[in-house]
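The file my_file-v4.pdb comes next; it holds PDB, C-alpha atoms, pLDDT in the B column.
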```pdb
ATOM      1  CA  MET R   1       0.000   0.000   0.000  1.00 50.00           C
ATOM      2  CA  ARG R   2       1.187   3.445  -0.816  1.00 46.00           C
ATOM      3  CA  MET R   3      -0.316   6.890  -0.476  1.00 47.00           C
ATOM      4  CA  ARG R   4       0.013   9.680  -2.982  1.00 47.00           C
ATOM      5  CA  VAL R   5      -0.495  13.415  -3.151  1.00 49.00           C
ATOM      6  CA  ARG R   6       0.620  15.196  -6.313  1.00 53.00           C
ATOM      7  CA  ASN R   7       4.108  13.860  -7.052  1.00 57.00           C
ATOM      8  CA  SER R   8       4.971  12.668  -3.551  1.00 63.00           C
ATOM      9  CA  ARG R   9       4.785   9.015  -2.554  1.00 66.00           C
ATOM     10  CA  PHE R  10       4.338   7.899   1.047  1.00 65.00           C
ATOM     11  CA  PHE R  11       4.864   4.241   1.901  1.00 64.00           C
ATOM     12  CA  GLY R  12       4.186   2.376   5.103  1.00 66.00           C
ATOM     13  CA  GLU R  13       7.176   0.758   6.728  1.00 63.00           C
ATOM     14  CA  PHE R  14       6.224  -2.760   5.574  1.00 65.00           C
ATOM     15  CA  SER R  15       5.558  -1.801   1.955  1.00 68.00           C
ATOM     16  CA  ARG R  16       9.007  -2.611   0.620  1.00 63.00           C
ATOM     17  CA  VAL R  17       8.856  -6.077   2.190  1.00 65.00           C
ATOM     18  CA  GLU R  18       5.415  -6.696   0.715  1.00 69.00           C
ATOM     19  CA  ILE R  19       6.471  -5.471  -2.730  1.00 66.00           C
ATOM     20  CA  LEU R  20       9.455  -7.808  -2.742  1.00 63.00           C
ATOM     21  CA  ASP R  21       7.242 -10.640  -1.561  1.00 66.00           C
ATOM     22  CA  ALA R  22       4.792  -9.968  -4.389  1.00 63.00           C
ATOM     23  CA  LEU R  23       7.351  -9.424  -7.162  1.00 62.00           C
ATOM     24  CA  MET R  24       9.805 -12.231  -6.546  1.00 62.00           C
ATOM     25  CA  PRO R  25       7.429 -15.131  -7.338  1.00 57.00           C
ATOM     26  CA  VAL R  26       6.234 -13.332 -10.491  1.00 56.00           C
ATOM     27  CA  HIS R  27       9.768 -12.928 -11.810  1.00 54.00           C
ATOM     28  CA  ALA R  28      10.670 -16.464 -10.833  1.00 59.00           C
ATOM     29  CA  ALA R  29       7.633 -17.816 -12.694  1.00 52.00           C
ATOM     30  CA  MET R  30       8.305 -15.690 -15.795  1.00 57.00           C
ATOM     31  CA  LEU R  31      11.980 -16.536 -16.011  1.00 57.00           C
ATOM     32  CA  GLY R  32      11.998 -20.060 -14.707  1.00 60.00           C
ATOM     33  CA  GLU R  33      14.190 -20.427 -11.665  1.00 62.00           C
ATOM     34  CA  MET R  34      15.496 -17.067 -10.407  1.00 64.00           C
ATOM     35  CA  ASP R  35      19.147 -17.158  -9.432  1.00 68.00           C
ATOM     36  CA  GLU R  36      20.676 -15.012  -6.702  1.00 69.00           C
ATOM     37  CA  ALA R  37      22.132 -12.487  -9.166  1.00 76.00           C
ATOM     38  CA  MET R  38      18.744 -11.867 -10.760  1.00 74.00           C
ATOM     39  CA  ALA R  39      17.094 -11.569  -7.343  1.00 72.00           C
ATOM     40  CA  ALA R  40      19.793  -9.044  -6.374  1.00 77.00           C
ATOM     41  CA  ASP R  41      19.054  -7.059  -9.555  1.00 81.00           C
ATOM     42  CA  CYS R  42      15.343  -6.961  -8.683  1.00 76.00           C
ATOM     43  CA  ARG R  43      16.138  -5.758  -5.179  1.00 76.00           C
ATOM     44  CA  ALA R  44      18.458  -3.093  -6.615  1.00 84.00           C
ATOM     45  CA  HIS R  45      15.691  -1.774  -8.888  1.00 81.00           C
ATOM     46  CA  LEU R  46      13.261  -1.682  -5.982  1.00 77.00           C
ATOM     47  CA  ASN R  47      15.804   0.050  -3.750  1.00 80.00           C
ATOM     48  CA  ALA R  48      16.491   2.660  -6.449  1.00 85.00           C
ATOM     49  CA  ALA R  49      12.776   3.416  -6.729  1.00 77.00           C
ATOM     50  CA  ALA R  50      12.364   3.401  -2.953  1.00 75.00           C
ATOM     51  CA  ALA R  51      15.060   6.066  -2.601  1.00 78.00           C
ATOM     52  CA  HIS R  52      12.418   8.558  -3.800  1.00 75.00           C
ATOM     53  CA  TRP R  53       9.693   7.424  -1.403  1.00 74.00           C
ATOM     54  CA  HIS R  54       8.743   9.060   1.881  1.00 75.00           C
ATOM     55  CA  LEU R  55       8.834   6.187   4.371  1.00 75.00           C
ATOM     56  CA  TRP R  56       6.240   6.443   7.140  1.00 78.00           C
ATOM     57  CA  ARG R  57       7.452   4.706  10.285  1.00 83.00           C
ATOM     58  CA  ILE R  58       5.072   2.744  12.478  1.00 87.00           C
ATOM     59  CA  SER R  59       4.595   4.830  15.600  1.00 90.00           C
ATOM     60  CA  SER R  60       2.753   3.987  18.802  1.00 93.00           C
ATOM     61  CA  ASP R  61      -0.124   6.184  17.540  1.00 95.00           C
ATOM     62  CA  ILE R  62      -0.391   4.025  14.419  1.00 92.00           C
ATOM     63  CA  VAL R  63      -0.362   0.841  16.477  1.00 93.00           C
ATOM     64  CA  ASP R  64      -3.010   2.272  18.818  1.00 96.00           C
ATOM     65  CA  ARG R  65      -5.256   3.206  15.846  1.00 96.00           C
ATOM     66  CA  ALA R  66      -4.705  -0.204  14.253  1.00 94.00           C
ATOM     67  CA  LYS R  67      -6.158  -1.816  17.392  1.00 95.00           C
ATOM     68  CA  LEU R  68      -9.459   0.042  16.948  1.00 95.00           C
ATOM     69  CA  PRO R  69     -12.295  -1.126  14.667  1.00 93.00           C
ATOM     70  CA  PHE R  70     -12.426  -0.139  10.994  1.00 92.00           C
ATOM     71  CA  PRO R  71     -15.576   0.402   8.940  1.00 88.00           C
ATOM     72  CA  ALA R  72     -14.994  -2.680   6.768  1.00 79.00           C
ATOM     73  CA  GLU R  73     -14.441  -5.454   9.282  1.00 81.00           C
ATOM     74  CA  PRO R  74     -12.838  -7.886   9.557  1.00 88.00           C
ATOM     75  CA  VAL R  75      -9.500  -6.215   8.876  1.00 90.00           C
ATOM     76  CA  ARG R  76      -6.338  -8.292   9.053  1.00 92.00           C
ATOM     77  CA  THR R  77      -3.603  -7.046  11.387  1.00 91.00           C
ATOM     78  CA  LEU R  78      -1.195  -5.942   8.663  1.00 88.00           C
ATOM     79  CA  ASP R  79      -4.048  -4.255   6.770  1.00 91.00           C
ATOM     80  CA  ALA R  80      -4.999  -2.409   9.969  1.00 93.00           C
ATOM     81  CA  ILE R  81      -1.422  -1.129  10.252  1.00 91.00           C
ATOM     82  CA  HIS R  82      -1.498   0.014   6.609  1.00 89.00           C
ATOM     83  CA  LEU R  83      -4.834   1.779   7.071  1.00 93.00           C
ATOM     84  CA  ALA R  84      -3.740   3.380  10.345  1.00 94.00           C
ATOM     85  CA  SER R  85      -0.561   4.563   8.596  1.00 91.00           C
ATOM     86  CA  ALA R  86      -2.678   6.075   5.814  1.00 91.00           C
ATOM     87  CA  LEU R  87      -4.751   7.924   8.387  1.00 94.00           C
ATOM     88  CA  ALA R  88      -1.566   9.210  10.061  1.00 93.00           C
ATOM     89  CA  VAL R  89      -0.262  10.531   6.734  1.00 89.00           C
ATOM     90  CA  ARG R  90      -3.682  12.051   5.997  1.00 92.00           C
ATOM     91  CA  SER R  91      -3.540  13.996   9.267  1.00 92.00           C
ATOM     92  CA  VAL R  92      -0.383  15.721   7.978  1.00 88.00           C
ATOM     93  CA  VAL R  93      -0.993  15.703   4.203  1.00 87.00           C
ATOM     94  CA  PRO R  94      -4.627  16.586   3.392  1.00 88.00           C
ATOM     95  CA  GLY R  95      -6.073  14.920   0.312  1.00 88.00           C
ATOM     96  CA  VAL R  96      -3.582  12.073   0.229  1.00 88.00           C
ATOM     97  CA  GLU R  97      -4.851   9.166  -1.905  1.00 89.00           C
ATOM     98  CA  LEU R  98      -4.595   5.475  -1.147  1.00 89.00           C
ATOM     99  CA  LEU R  99      -3.062   3.165  -3.743  1.00 84.00           C
ATOM    100  CA  SER R 100      -3.798  -0.512  -3.315  1.00 86.00           C
ATOM    101  CA  LEU R 101      -4.759  -3.514  -5.422  1.00 84.00           C
ATOM    102  CA  ASP R 102      -6.178  -5.321  -2.395  1.00 87.00           C
ATOM    103  CA  ASP R 103      -9.988  -5.247  -2.411  1.00 88.00           C
ATOM    104  CA  ARG R 104     -10.236  -5.269   1.390  1.00 89.00           C
ATOM    105  CA  ILE R 105      -7.902  -2.301   1.824  1.00 90.00           C
ATOM    106  CA  ARG R 106      -9.606  -0.442  -1.025  1.00 91.00           C
ATOM    107  CA  ARG R 107     -13.066  -0.998   0.492  1.00 92.00           C
ATOM    108  CA  ALA R 108     -11.915   0.060   3.962  1.00 94.00           C
ATOM    109  CA  GLY R 109     -10.067   3.051   2.494  1.00 94.00           C
ATOM    110  CA  VAL R 110     -13.185   4.301   0.719  1.00 95.00           C
ATOM    111  CA  GLN R 111     -15.203   3.886   3.899  1.00 95.00           C
ATOM    112  CA  LEU R 112     -12.550   5.899   5.750  1.00 95.00           C
ATOM    113  CA  GLY R 113     -12.932   8.703   3.192  1.00 95.00           C
ATOM    114  CA  PHE R 114      -9.909   8.089   0.965  1.00 95.00           C
ATOM    115  CA  ARG R 115      -9.883   8.366  -2.798  1.00 93.00           C
ATOM    116  CA  VAL R 116      -8.386   5.080  -3.936  1.00 93.00           C
ATOM    117  CA  GLN R 117      -6.074   4.475  -6.888  1.00 87.00           C
ATOM    118  CA  PRO R 118      -6.241   3.022  -9.391  1.00 86.00           C
ATOM    119  CA  ALA R 119      -9.799   4.278  -9.730  1.00 85.00           C
ATOM    120  CA  SER R 120     -10.933   0.919 -11.097  1.00 84.00           C
ATOM    121  CA  LEU R 121      -9.390  -2.513 -11.327  1.00 78.00           C
ATOM    122  CA  ASN R 122      -9.714  -4.552 -14.483  1.00 74.00           C
ATOM    123  CA  ARG R 123      -9.751  -8.117 -13.283  1.00 64.00           C
ATOM    124  CA  PRO R 124     -10.660 -11.239 -15.202  1.00 60.00           C
TER     125      PRO R 124
END
```

Could you write out this file's structure as structure tokens?
Amino acid sequence: MRMRVRNSRFFGEFSRVEILDALMPVHAAMLGEMDEAMAADCRAHLNAAAAHWHLWRISSDIVDRAKLPFPAEPVRTLDAIHLASALAVRSVVPGVELLSLDDRIRRAGVQLGFRVQPASLNRP
């Protein structure tokens, strides 16, 4: 999950881990078996992109908010941390948008008042 306002990108602390987790199997499947050098290249590309992100650390306020109910329950623990992080960014950056491909986060984000991106998902 990432949040966006104009040309700035705000990412929750776990986002880089989740992106790597999501991308590695895709590359491995497309290319056959991924060797260590190729995996290192993928990490290097991600790290280069991440150098331009604003990383939002998980504070005690975020953890406290994540413990509270969300409009679209049930919310998984990691999703609650992402949503609480989005709310923390929103309290500092008005109008920030929520980018996610996860239907549960998107639904909860809309119910929390976020504009979600992409605006629609084309799924088979």

I need the residue set behind the PyMOL selection byres ((chain R and resi 60-74) around 7) for this file; please write it as a list in words.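 For this structure, the PyMOL selection byres ((chain R and resi 60-74) around 7) resolves to Ile58, Ser59, Val75, Arg76, Ala80, Ile81, Ala84, Ser85, Ala88, Arg107, Ala108 and Gln111 of chain R.
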
Okay, now the selection with C-alpha atoms, as a PDB file, keeping the file's coordinate frame?
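Written out: out_36.pdb:
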```
ATOM      1  CA  ILE R  58       5.072   2.744  12.478  1.00 87.00           C
ATOM      2  CA  SER R  59       4.595   4.830  15.600  1.00 90.00           C
ATOM      3  CA  VAL R  75      -9.500  -6.215   8.876  1.00 90.00           C
ATOM      4  CA  ARG R  76      -6.338  -8.292   9.053  1.00 92.00           C
ATOM      5  CA  ALA R  80      -4.999  -2.409   9.969  1.00 93.00           C
ATOM      6  CA  ILE R  81      -1.422  -1.129  10.252  1.00 91.00           C
ATOM      7  CA  ALA R  84      -3.740   3.380  10.345  1.00 94.00           C
ATOM      8  CA  SER R  85      -0.561   4.563   8.596  1.00 91.00           C
ATOM      9  CA  ALA R  88      -1.566   9.210  10.061  1.00 93.00           C
ATOM     10  CA  ARG R 107     -13.066  -0.998   0.492  1.00 92.00           C
ATOM     11  CA  ALA R 108     -11.915   0.060   3.962  1.00 94.00           C
ATOM     12  CA  GLN R 111     -15.203   3.886   3.899  1.00 95.00           C
TER      13      GLN R 111
END
```

Once the PyMOL selection byres ((chain R and resi 115) around 12) has been evaluated on this model, what residues remain selected, and can you format them as JSON, numbers by chain? {"R": [3, 4, 5, 86, 90, 94, 95, 96, 97, 98, 99, 100, 105, 106, 107, 108, 109, 110, 111, 112, 113, 114, 116, 117, 118, 119, 120]}

In Å, rounded to a single decimal, give me how far CA of Leu121 in chain R is from CA of Ser91 in chain R. 27.0 Å

When you draw a straight line from CA of Asp103 in chain R to CA of Leu87 in chain R, how long is it in Å?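 According to the coordinates, CA of Asp103 in chain R and CA of Leu87 in chain R are separated by 17.8 Å.
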
Students should find that CA of Leu78 in chain R and CA of Val92 in chain R are spaced 21.7 Å
